[in-house]
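**Student:** Contents of upload.cif (mmCIF, C-alpha atoms) are below:
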data_structure
loop_
_atom_site.label_atom_id
_atom_site.label_comp_id
_atom_site.auth_asym_id
_atom_site.auth_seq_id
_atom_site.Cartn_x
_atom_site.Cartn_y
_atom_site.Cartn_z
CA MET A 28 0.00 0.00 0.00
CA ASN A 29 1.35 3.33 -0.90
CA LYS A 30 1.34 5.87 1.85
CA VAL A 31 1.38 9.53 1.13
CA ARG A 32 4.14 11.04 3.23
CA PRO A 33 3.00 14.33 4.72
CA ASP A 34 5.20 17.35 4.25
CA PRO A 35 6.58 17.83 7.77
CA SER A 36 7.56 21.42 7.18
CA ASN A 37 4.28 22.83 6.07
CA PRO A 38 1.42 20.61 5.12
CA LEU A 39 -0.75 23.44 3.88
CA THR A 40 1.45 24.83 1.15
CA GLY A 41 2.30 23.46 -2.25
CA PRO A 42 3.68 24.78 -5.49
CA SER A 43 0.64 23.88 -7.46
CA GLU A 44 -1.70 25.19 -4.84
CA PRO A 45 -3.11 28.65 -5.46
CA VAL A 46 -1.58 31.07 -3.03
CA GLU A 47 -4.83 32.67 -2.00
CA SER A 48 -6.04 29.41 -0.52
CA ARG A 49 -3.14 29.15 1.89
CA ALA A 50 -2.59 32.78 2.68
CA LYS A 51 -5.81 33.03 4.62
CA GLY A 52 -5.26 32.40 8.28
CA GLU A 53 -2.55 29.79 7.98
CA PRO A 54 -1.58 28.87 11.54
CA ASP A 55 2.08 29.40 12.14
CA ASP A 56 2.87 26.23 14.04
CA ASP A 57 6.49 27.29 14.30
CA ALA A 58 5.81 30.34 16.44
CA LEU A 59 5.77 28.53 19.77
CA LEU A 60 8.86 26.51 18.99
CA VAL A 61 10.65 29.61 17.74
CA THR A 62 9.83 31.45 20.97
CA ARG A 63 11.15 28.57 23.05
CA ALA A 64 14.26 28.27 20.90
CA GLN A 65 14.90 31.99 21.24
CA LYS A 66 15.04 31.42 24.99
CA GLY A 67 17.75 28.84 24.45
CA ASP A 68 15.63 25.69 24.32
CA LEU A 69 17.76 23.47 22.11
CA ARG A 70 15.15 20.73 22.09
CA ALA A 71 12.61 23.10 20.57
CA TYR A 72 15.15 24.12 17.98
CA ASP A 73 15.84 20.48 17.19
CA GLU A 74 12.12 20.10 16.47
CA LEU A 75 12.28 23.09 14.12
CA VAL A 76 15.23 21.50 12.35
CA ILE A 77 13.24 18.28 11.91
CA ARG A 78 10.35 20.26 10.45
CA HIS A 79 12.36 22.30 7.99
CA ARG A 80 15.43 20.26 7.10
CA GLY A 81 13.65 18.54 4.21
CA ARG A 82 12.80 21.77 2.43
CA ILE A 83 16.14 23.41 3.13
CA PHE A 84 18.10 20.35 2.02
CA ALA A 85 15.99 20.06 -1.15
CA MET A 86 16.49 23.73 -1.94
CA VAL A 87 20.25 23.66 -1.35
CA ARG A 88 20.67 20.42 -3.24
CA ASN A 89 18.73 21.76 -6.20
CA MET A 90 20.91 24.85 -6.13
CA ILE A 91 24.32 23.17 -6.01
CA HIS A 92 23.48 19.71 -7.34
CA HIS A 93 25.84 17.93 -4.98
CA GLU A 94 24.44 15.82 -2.20
CA ALA A 95 27.41 15.75 0.18
CA ASP A 96 27.99 19.49 -0.01
CA ALA A 97 24.26 20.13 0.28
CA TRP A 98 24.24 18.03 3.44
CA ASP A 99 27.01 20.12 5.00
CA LEU A 100 25.62 23.44 3.82
CA SER A 101 22.15 22.65 5.10
CA GLN A 102 23.65 22.10 8.55
CA ASP A 103 25.43 25.44 8.25
CA VAL A 104 22.08 27.03 7.51
CA PHE A 105 20.62 25.75 10.77
CA VAL A 106 23.68 26.63 12.83
CA LYS A 107 23.66 30.17 11.43
CA ALA A 108 19.93 30.38 12.01
CA TRP A 109 20.46 29.45 15.65
CA GLN A 110 23.04 32.21 15.99
CA ALA A 111 20.71 34.73 14.36
CA LEU A 112 17.58 33.51 16.13
CA PRO A 113 17.56 36.28 18.76
CA ARG A 114 17.17 38.77 15.90
CA PHE A 115 14.28 36.93 14.24
CA GLU A 116 11.21 39.10 14.67
CA ALA A 117 8.59 36.88 13.08
CA LYS A 118 7.73 39.51 10.47
CA ALA A 119 8.14 36.74 7.93
CA ARG A 120 7.45 33.07 8.26
CA PHE A 121 10.23 31.10 9.89
CA SER A 122 10.60 29.01 6.74
CA THR A 123 11.03 32.13 4.58
CA TRP A 124 13.65 33.39 6.98
CA LEU A 125 15.46 30.05 6.71
CA PHE A 126 15.39 30.31 2.93
CA ARG A 127 17.00 33.72 3.24
CA ILE A 128 19.83 32.20 5.31
CA ALA A 129 20.11 29.29 2.89
CA HIS A 130 20.38 31.80 0.03
CA ASN A 131 23.32 33.51 1.78
CA VAL A 132 25.03 30.23 2.67
CA VAL A 133 24.78 28.92 -0.90
CA TYR A 134 26.02 32.17 -2.43
CA ASP A 135 28.93 32.42 0.02
CA TRP A 136 29.88 28.85 -0.75
CA THR A 137 29.64 29.40 -4.49
CA ARG A 138 31.74 32.55 -4.23
CA LYS A 139 34.38 30.74 -2.20
CA ARG A 140 34.44 27.89 -4.68
CA LYS A 141 34.98 30.31 -7.52
CA ILE A 142 37.91 31.86 -5.68
CA ASP A 143 39.40 28.49 -4.70
CA SER A 144 39.22 27.20 -8.24
CA ALA A 145 40.76 30.43 -9.57
CA GLY A 146 38.03 31.11 -12.07
CA GLU A 147 37.76 27.54 -13.27
CA PHE A 148 34.33 27.08 -11.75
CA ASN A 149 31.87 25.92 -14.31
CA ASP A 150 28.28 25.05 -13.58
CA GLU A 151 28.31 22.53 -16.39
CA ILE A 152 30.63 20.25 -14.46
CA PHE A 153 27.53 19.37 -12.49
CA ASP A 154 25.81 18.17 -15.60
CA ARG A 155 24.64 14.70 -14.67
CA ASP A 156 25.54 13.39 -18.10
CA GLN A 157 29.16 14.19 -17.41
CA ILE A 158 29.35 12.44 -14.08
CA ASP A 159 30.48 8.85 -13.92
CA PRO A 160 27.44 7.00 -12.56
CA LEU A 161 29.76 4.66 -10.64
CA ALA A 162 31.65 7.47 -8.96
CA SER A 163 31.34 7.27 -5.19
CA THR A 164 30.69 11.00 -4.95
CA ALA A 165 28.14 11.18 -7.70
CA PRO A 166 25.00 13.00 -6.63
CA SER A 167 22.36 10.43 -5.99
CA GLY A 168 19.47 10.77 -8.34
CA ALA A 169 17.56 7.87 -6.89
CA ASP A 170 13.87 8.48 -6.54
CA ALA A 171 11.56 6.92 -4.03
CA PRO A 172 10.39 3.54 -5.28
CA ASP A 173 6.82 4.70 -5.63
CA LEU A 174 7.76 7.45 -8.04
CA SER A 175 7.31 6.56 -11.64
CA MET A 176 10.28 6.15 -13.92
CA GLU A 177 8.79 8.87 -16.06
CA HIS A 178 9.05 11.35 -13.23
CA GLY A 179 12.59 10.23 -12.49
CA GLU A 180 13.66 10.91 -16.03
CA LEU A 181 11.82 14.18 -16.15
CA ARG A 182 13.42 15.26 -12.91
CA MET A 183 16.87 14.58 -14.30
CA LYS A 184 16.06 16.57 -17.41
CA ILE A 185 14.68 19.46 -15.39
CA GLN A 186 17.67 19.45 -13.08
CA ALA A 187 20.07 19.37 -16.01
CA ALA A 188 18.19 22.28 -17.54
CA LEU A 189 18.16 24.17 -14.24
CA PHE A 190 21.94 24.03 -14.20
CA LYS A 191 22.09 25.81 -17.48
CA LEU A 192 20.47 28.83 -15.85
CA SER A 193 22.28 31.48 -13.85
CA ALA A 194 22.21 31.02 -10.08
CA GLU A 195 19.65 33.83 -9.68
CA HIS A 196 17.32 32.42 -12.31
CA ARG A 197 17.72 28.91 -10.95
CA GLU A 198 16.93 30.02 -7.43
CA SER A 199 13.85 31.95 -8.49
CA VAL A 200 12.46 28.86 -10.21
CA ILE A 201 13.30 26.60 -7.27
CA LEU A 202 11.71 28.92 -4.74
CA LYS A 203 8.64 29.63 -6.84
CA ASP A 204 7.85 26.51 -8.81
CA VAL A 205 9.32 23.88 -6.49
CA GLN A 206 9.00 25.41 -3.02
CA GLY A 207 5.84 27.38 -3.76
CA LEU A 208 6.90 30.65 -2.18
CA SER A 209 5.09 33.85 -3.08
CA TYR A 210 6.82 36.65 -4.97
CA LYS A 211 7.07 38.62 -1.74
CA GLU A 212 8.66 35.71 0.11
CA ILE A 213 11.13 35.11 -2.71
CA ALA A 214 12.05 38.79 -2.70
CA ASP A 215 12.68 38.55 1.04
CA ALA A 216 14.73 35.39 0.67
CA MET A 217 16.82 36.68 -2.22
CA GLY A 218 17.14 40.20 -0.91
CA CYS A 219 15.71 41.96 -3.96
CA THR A 220 12.50 43.63 -5.09
CA ILE A 221 9.36 41.86 -6.21
CA GLY A 222 9.87 43.37 -9.66
CA THR A 223 13.30 41.78 -9.89
CA VAL A 224 11.88 38.43 -8.86
CA MET A 225 9.18 38.72 -11.53
CA SER A 226 11.73 39.58 -14.16
CA ARG A 227 14.08 36.76 -13.16
CA LEU A 228 11.28 34.25 -13.04
CA PHE A 229 9.92 35.31 -16.41
CA TYR A 230 13.26 34.85 -18.17
CA ALA A 231 14.12 31.72 -16.21
CA ARG A 232 10.86 30.04 -17.18
CA GLN A 233 11.28 31.09 -20.77
CA LYS A 234 14.74 29.59 -20.96
CA LEU A 235 13.72 26.44 -19.14
CA GLN A 236 10.74 25.95 -21.41
CA ALA A 237 13.04 26.28 -24.40
CA LEU A 238 15.46 23.75 -22.91
CA LEU A 239 12.63 21.37 -22.06
CA LYS A 240 10.74 22.03 -25.24
CA ASP A 241 10.06 18.38 -26.01
CA GLU A 242 8.83 17.61 -22.53
CA TYR A 243 6.83 20.76 -22.19
CA GLU A 244 5.01 20.52 -25.52
CA THR A 245 3.98 16.91 -25.13
CA ARG A 246 2.10 17.71 -21.91
CA MET Q 16 -13.14 46.85 -13.54
CA ASN Q 17 -12.58 46.43 -17.22
CA THR Q 18 -9.25 48.24 -17.56
CA LYS Q 19 -6.05 46.38 -18.04
CA PRO Q 20 -4.15 45.87 -14.76
CA ASP Q 21 -0.54 47.00 -14.42
CA ASP Q 22 2.21 44.52 -15.18
CA GLU Q 23 2.92 43.62 -11.56
CA THR Q 24 -0.73 42.94 -10.78
CA LEU Q 25 -1.05 40.91 -13.95
CA ALA Q 26 2.01 38.85 -13.05
CA LEU Q 27 0.55 38.17 -9.61
CA TRP Q 28 -2.73 37.13 -11.18
CA LEU Q 29 -0.98 34.84 -13.67
CA ASP Q 30 0.73 33.10 -10.77
CA ASP Q 31 -2.44 32.82 -8.68
CA GLU Q 32 -1.16 35.21 -6.05
CA LEU Q 33 -3.98 37.70 -6.07
CA GLU Q 34 -6.82 37.56 -3.62
CA GLY Q 35 -9.83 39.52 -2.52
CA ASP Q 36 -10.94 42.56 -4.49
CA ALA Q 37 -7.76 42.73 -6.53
CA PHE Q 38 -8.31 39.17 -7.71
CA ALA Q 39 -11.98 39.79 -8.52
CA SER Q 40 -11.27 42.88 -10.55
CA VAL Q 41 -8.51 41.29 -12.65
CA GLU Q 42 -10.60 38.17 -13.05
CA ALA Q 43 -13.44 40.31 -14.42
CA TRP Q 44 -11.08 41.95 -16.88
CA ALA Q 45 -9.50 38.64 -17.90
CA ALA Q 46 -12.90 37.10 -18.68
CA GLY Q 47 -12.75 38.92 -21.98
CA GLN Q 48 -9.08 38.12 -22.58
CA PRO Q 49 -8.75 34.53 -23.80
CA ASP Q 50 -5.01 34.93 -24.38
CA GLN Q 51 -4.52 35.90 -20.72
CA LEU Q 52 -6.62 33.00 -19.52
CA GLU Q 53 -4.55 30.74 -21.71
CA ALA Q 54 -1.34 32.25 -20.33
CA ARG Q 55 -2.49 31.63 -16.77
CA GLN Q 56 -3.33 28.03 -17.58
CA ALA Q 57 0.12 27.62 -19.13
CA VAL Q 58 1.73 28.90 -15.92
CA ARG Q 59 -0.39 26.48 -13.87
CA ASP Q 60 0.58 23.58 -16.13
CA TRP Q 61 4.21 24.58 -15.89
CA ARG Q 62 4.15 24.68 -12.10
CA GLN Q 63 2.36 21.35 -12.06
CA MET Q 64 5.00 19.77 -14.28
CA ILE Q 65 7.93 21.10 -12.25
CA SER Q 66 6.44 20.31 -8.87
CA SER Q 67 5.51 16.78 -9.87
CA ALA Q 68 9.04 16.04 -10.99
CA VAL Q 69 11.21 17.90 -8.50
CA PRO Q 70 10.41 17.19 -4.85
CA LYS Q 71 9.76 20.11 -2.59
CA VAL Q 72 10.87 18.15 0.46
CA GLU Q 73 13.83 15.82 0.51
CA GLU Q 74 15.02 14.37 3.76
CA PRO Q 75 18.80 14.65 4.08
CA PRO Q 76 20.65 11.34 4.32
CA TYR Q 77 21.17 10.12 7.88
CA PRO Q 78 18.68 12.62 9.31
CA GLU Q 79 19.41 11.81 12.97
CA PHE Q 80 23.11 12.32 12.39
CA PHE Q 81 22.25 15.50 10.50
CA ASN Q 82 20.48 16.85 13.57
CA SER Q 83 23.09 15.64 16.02
CA ARG Q 84 25.81 17.46 14.09
CA ILE Q 85 23.83 20.67 14.29
CA THR Q 86 23.26 20.19 18.01
CA ALA Q 87 26.96 19.48 18.54
CA ALA Q 88 27.97 22.57 16.57
CA ILE Q 89 25.57 24.73 18.58
CA SER Q 90 26.76 23.24 21.88
CA GLU Q 91 30.32 23.98 20.85
CA LEU Q 92 29.34 27.57 20.08
CA GLU Q 93 27.60 27.92 23.42
CA LYS Q 94 30.61 26.59 25.30
CA VAL Q 95 32.95 29.25 23.98
CA PRO Q 96 32.71 32.50 25.93
CA VAL Q 97 32.18 35.37 23.58
CA LYS Q 98 34.80 37.71 25.02
CA THR Q 99 37.29 35.74 27.08
CA VAL Q 100 40.08 38.24 26.65
CA GLU Q 101 37.91 41.14 27.78
CA SER Q 102 36.81 39.48 30.98
CA ARG Q 103 37.30 41.96 33.80
CA THR Q 104 36.85 39.57 36.67
CA SER Q 105 40.34 38.06 36.39
CA TRP Q 106 43.10 40.63 36.58
CA TRP Q 107 45.66 38.25 35.16
CA ARG Q 108 43.64 37.98 31.97
CA THR Q 109 43.85 41.70 31.26
CA SER Q 110 45.22 42.74 27.91
CA TRP Q 111 48.56 43.99 29.26
CA PHE Q 112 49.40 41.13 31.58
CA MET Q 113 49.78 38.29 29.09
CA PRO Q 114 52.19 40.07 26.72
CA ALA Q 115 54.14 41.44 29.69
CA ALA Q 116 54.43 37.99 31.22
CA ALA Q 117 55.47 36.57 27.87
CA ALA Q 118 58.10 39.25 27.43
CA ALA Q 119 59.46 38.61 30.94
CA GLY Q 120 59.53 34.88 30.29
CA MET Q 121 61.37 35.34 27.04
CA THR Q 122 63.90 37.67 28.67
CA LEU Q 123 64.52 35.11 31.40
CA ALA Q 124 64.91 32.37 28.83
CA PHE Q 125 67.33 34.54 26.86
CA TRP Q 126 69.39 35.22 30.00
CA MET Q 127 69.48 31.51 30.82
CA GLY Q 128 70.49 30.79 27.26
CA THR Q 129 73.45 33.14 27.45
CA ARG Q 130 74.52 31.58 30.76
CA THR Q 131 74.44 28.03 29.56
CA SER Q 132 76.25 28.74 26.30
CA MET Q 133 79.27 30.07 28.21
CA THR Q 134 79.88 26.85 30.11
CA VAL Q 135 80.75 23.38 28.90
CA ALA Q 136 78.02 21.07 30.05
CA PRO Q 137 79.04 17.70 31.40
CA ALA Q 138 77.53 14.58 29.89
CA SER Q 139 74.98 14.18 32.66
CA VAL Q 140 73.64 17.70 32.02
CA ILE Q 141 73.22 16.97 28.33
CA GLU Q 142 71.03 14.01 29.14
CA VAL Q 143 68.77 16.12 31.35
CA SER Q 144 68.46 18.86 28.76
CA SER Q 145 67.36 16.42 26.09
CA SER Q 146 63.85 16.46 27.51
CA SER Q 147 63.74 20.25 28.00
CA PRO Q 148 62.20 22.51 25.37
CA VAL Q 149 64.53 24.50 23.15
CA VAL Q 150 63.88 28.19 23.62
CA TYR Q 151 64.59 30.63 20.83
CA THR Q 152 64.95 34.31 21.63
CA PRO Q 153 64.86 37.30 19.32
CA GLU Q 154 67.81 39.51 18.49
CA THR Q 155 68.18 43.04 19.79
CA GLY Q 156 65.77 45.38 18.07
CA VAL Q 157 63.25 42.66 17.47
CA ARG Q 158 59.86 43.31 18.98
CA ALA Q 159 57.94 40.30 20.22
CA ASP Q 160 54.19 40.29 20.71
CA TYR Q 161 52.30 37.46 22.27
CA PHE Q 162 48.67 36.73 21.56
CA ALA Q 163 46.62 34.05 23.22
CA SER Q 164 43.07 33.25 22.32
CA ARG Q 165 41.12 30.83 24.41
CA SER Q 166 38.24 30.80 21.99
CA ALA Q 167 40.52 29.77 19.14
CA ASP Q 168 42.63 27.56 21.40
CA ALA Q 169 45.73 29.10 19.86
CA THR Q 170 48.81 31.07 20.83
CA VAL Q 171 50.67 33.26 18.38
CA ILE Q 172 54.01 34.98 18.88
CA VAL Q 173 54.74 37.73 16.39
CA LEU Q 174 58.33 38.81 15.89
CA ASP Q 175 58.65 42.22 14.28
CA GLY Q 176 62.02 43.32 12.98
CA VAL Q 177 63.50 39.98 11.97
CA PRO Q 178 65.31 40.39 8.63
CA ALA Q 179 63.86 38.44 5.76
CA PHE Q 180 65.50 35.11 5.06
CA SER Q 181 67.35 34.85 1.81
CA ASP Q 182 66.13 32.20 -0.61
CA ALA Q 183 69.70 30.94 -0.81
CA LEU Q 184 69.90 30.29 2.93
CA GLU Q 185 70.13 26.62 3.79
CA PHE Q 186 69.37 25.41 7.27
CA ARG Q 187 72.09 22.81 7.62
CA GLU Q 188 72.57 23.36 11.31
CA THR Q 189 69.00 23.63 12.45
CA ALA Q 190 68.75 23.29 16.21
CA ALA Q 191 66.59 20.40 17.34
CA VAL Q 192 65.90 18.38 20.42
CA PRO Q 193 68.04 15.27 20.03
CA SER Q 194 66.41 11.90 20.35
CA ASP Q 195 67.39 9.56 23.18
CA SER Q 196 69.53 7.46 20.91
CA GLU Q 197 71.37 10.53 19.70
CA VAL Q 198 71.96 11.67 23.27
CA GLU Q 199 73.29 8.27 24.23
CA SER Q 200 75.71 8.17 21.35
CA THR Q 201 76.82 11.73 21.99
CA ALA Q 202 77.37 10.98 25.66
CA ALA Q 203 79.39 7.91 24.77
CA LYS Q 204 81.67 9.96 22.56
CA GLN Q 205 82.16 12.55 25.25
CA GLU Q 206 82.83 9.97 27.93
CA LYS Q 207 85.57 8.37 25.88
CA PRO Q 208 88.17 11.08 26.42
CA VAL Q 209 87.43 10.95 30.14
CA SER Q 210 88.23 7.24 30.28
CA GLU Q 211 91.35 7.87 28.22
CA VAL Q 212 92.49 10.40 30.82
CA THR Q 213 92.04 7.95 33.63
CA GLN Q 214 94.03 5.28 31.83
#
Represent the structure contained in this file as structure tokens.
**Tutor:**
Amino acid sequence: MNKVRPDPSNPLTGPSEPVESRAKGEPDDDALLVTRAQKGDLRAYDELVIRHRGRIFAMVRNMIHHEADAWDLSQDVFVKAWQALPRFEAKARFSTWLFRIAHNVVYDWTRKRKIDSAGEFNDEIFDRDQIDPLASTAPSGADAPDLSMEHGELRMKIQAALFKLSAEHRESVILKDVQGLSYKEIADAMGCTIGTVMSRLFYARQKLQALLKDEYETR
Amino acid sequence: MNTKPDDETLALWLDDELEGDAFASVEAWAAGQPDQLEARQAVRDWRQMISSAVPKVEEPPYPEFFNSRITAAISELEKVPVKTVESRTSWWRTSWFMPAAAAAGMTLAFWMGTRTSMTVAPASVIEVSSSSPVVYTPETGVRADYFASRSADATVIVLDGVPAFSDALEFRETAAVPSDSEVESTAAKQEKPVSEVTQ
């Protein structure tokens, strides 16, 4: 029997779900835990990590396309969030705030990588087609057994196409179309205006649709 | 409202982000705009395709270990006092005391070094000194600063005024603490003349 695994981070939101249906009176279950964590309750913070690690890991992994590094960076996100927690004012959702920290962590890491590799950094090295499938450090592309092979293949194609976008365009697509954030939340997470997000998303989708032309037109 | 909305409002409507009156008014306008309705459906289809293929939530491998590493990192952060050096409760931790003590220690070591170099040490003394640390002291005109950080668990001595080493300089006679075997063999060589004298 297939069981539908609930989204532990936020069961009410979804990328395909119209925003207006979730914006109305969504209970912020994190608020209590955040308050306790701000008082130094590490157990409450651990619960927050459990709730949000899946979304943060997925976001980081989709951004850098490397599982081991995504694992480390996602931990950095939560450690930095703990350090910054006293300054969190709950103006935004806790998850949006985490995405903002994840954005900074990923960009810092990418910048450092560019410096370390003396300008040899090339997004296309992450192209799955160029990675030896037997390599021990190859990013795992294994899907859950209950996912169809069709989805698995499509995911690989989408991820390969995502890596042909600039980091800003890629992130806007991941936050909007995968994570289901609103324009306002994406602007908060990426530290830019809503207009910039709209522009980035427009061009990113256009380029992705061109790259995935065959897939997109057959649907 | 039957006037065309501005670009930002239209983009929000296309992505299903409008609500309330704003949504109703654009919806009324769009009823007569089949191309806009089609565009919105295309955006919905696109989101559906992406979200069905790329998971929104992906548990990290070894999730318990993932959490325990975060907890350990936080505990480590909490253990380290933020401003150890600036603590005012312990007078011996004040900013001037540590460098002054270091300078005094180095002066004493330098003085001891000059004393021991003037005398010929007997074999027994050499054996004792093999386990003692070798102390290097700066030349005259060299300023030494000593920095200790508890939070970094590190000590740094900065020597200012030491002339730059030439690339051609070879350290053939680098001072080092001799190993026990080296001390034994050295002692044996030095004892030999003594036995010769007694013969």
**Student:** Provide as JSON, numbers by chain the residues of chain Q at most 6 Å from chain A, counting all atoms listed in the file.
**Tutor:** {"Q": [31, 32, 34, 62, 63, 66, 68, 69, 71, 72, 73, 74, 85]}
**Student:** Any chance you could resolve the PyMOL selection byres ((chain A and resi 111-118) around 9) against this file and give the residues as a PyMOL selection string?
**Tutor:** chain A and resi 58+61+64-66+106-110+119-121+124
**Student:** Quick one: distance from atom CA of Ala167 of chain Q to atom CA of Phe81 of chain Q in Å, one decimal?
**Tutor:** 24.7 Å
**Student:** In Å, how far is it from atom CA of Arg138 of chain A to atom CA of Ile91 of chain A?
**Tutor:**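 It comes out at 12.1 Å.
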**Student:** Please identify all polymer residues within 10 Å of Asp21 of chain Q, counting only C-alpha atoms, omitting same-chain residues fewer than 4 positions from it, and present them as a PyMOL selection string.
**Tutor:** chain Q and resi 25-26+41
**Student:** With a distance cut-off of 8 Å and all atoms listed in the file, select the neighbouring residues of Trp28 of chain Q, excluding the residue or stretch itself and same-chain residues fewer than 5 positions from it, and output the selection as a list of chain:residue names.
**Tutor:**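 Final neighbour list, sorted by chain and number: Q:Leu33, Q:Phe38, Q:Val41, Q:Arg55.
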**Student:** I need the output of the PyMOL selection byres ((chain A and resi 123) around 9) for this file as a PyMOL selection string; which residues are they?
**Tutor:** chain A and resi 119-122+124-128+208+212-213+215-216
**Student:** Atom CA of Pro70 of chain Q and atom CA of Leu235 of chain A, how far apart in Å?
**Tutor:**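 A separation of 17.3 Å between them.
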**Student:** Would you mind telling me which residue in A:Lys141, A:Ala214, A:Arg227, A:Ala188 lies nearest to Lys240 of chain A when using all atoms listed in the file?
**Tutor:**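 Going through A:Lys141, A:Ala214, A:Arg227, A:Ala188 one by one, the smallest distance to Lys240 of chain A is for A:Ala188.
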**Student:** Looking at Q:Ala117, Q:Leu52, Q:Ile65, Q:Ala43, which one is nearest to Thr170 of chain Q, with distances taken over only C-alpha atoms?
**Tutor:** Q:Ala117
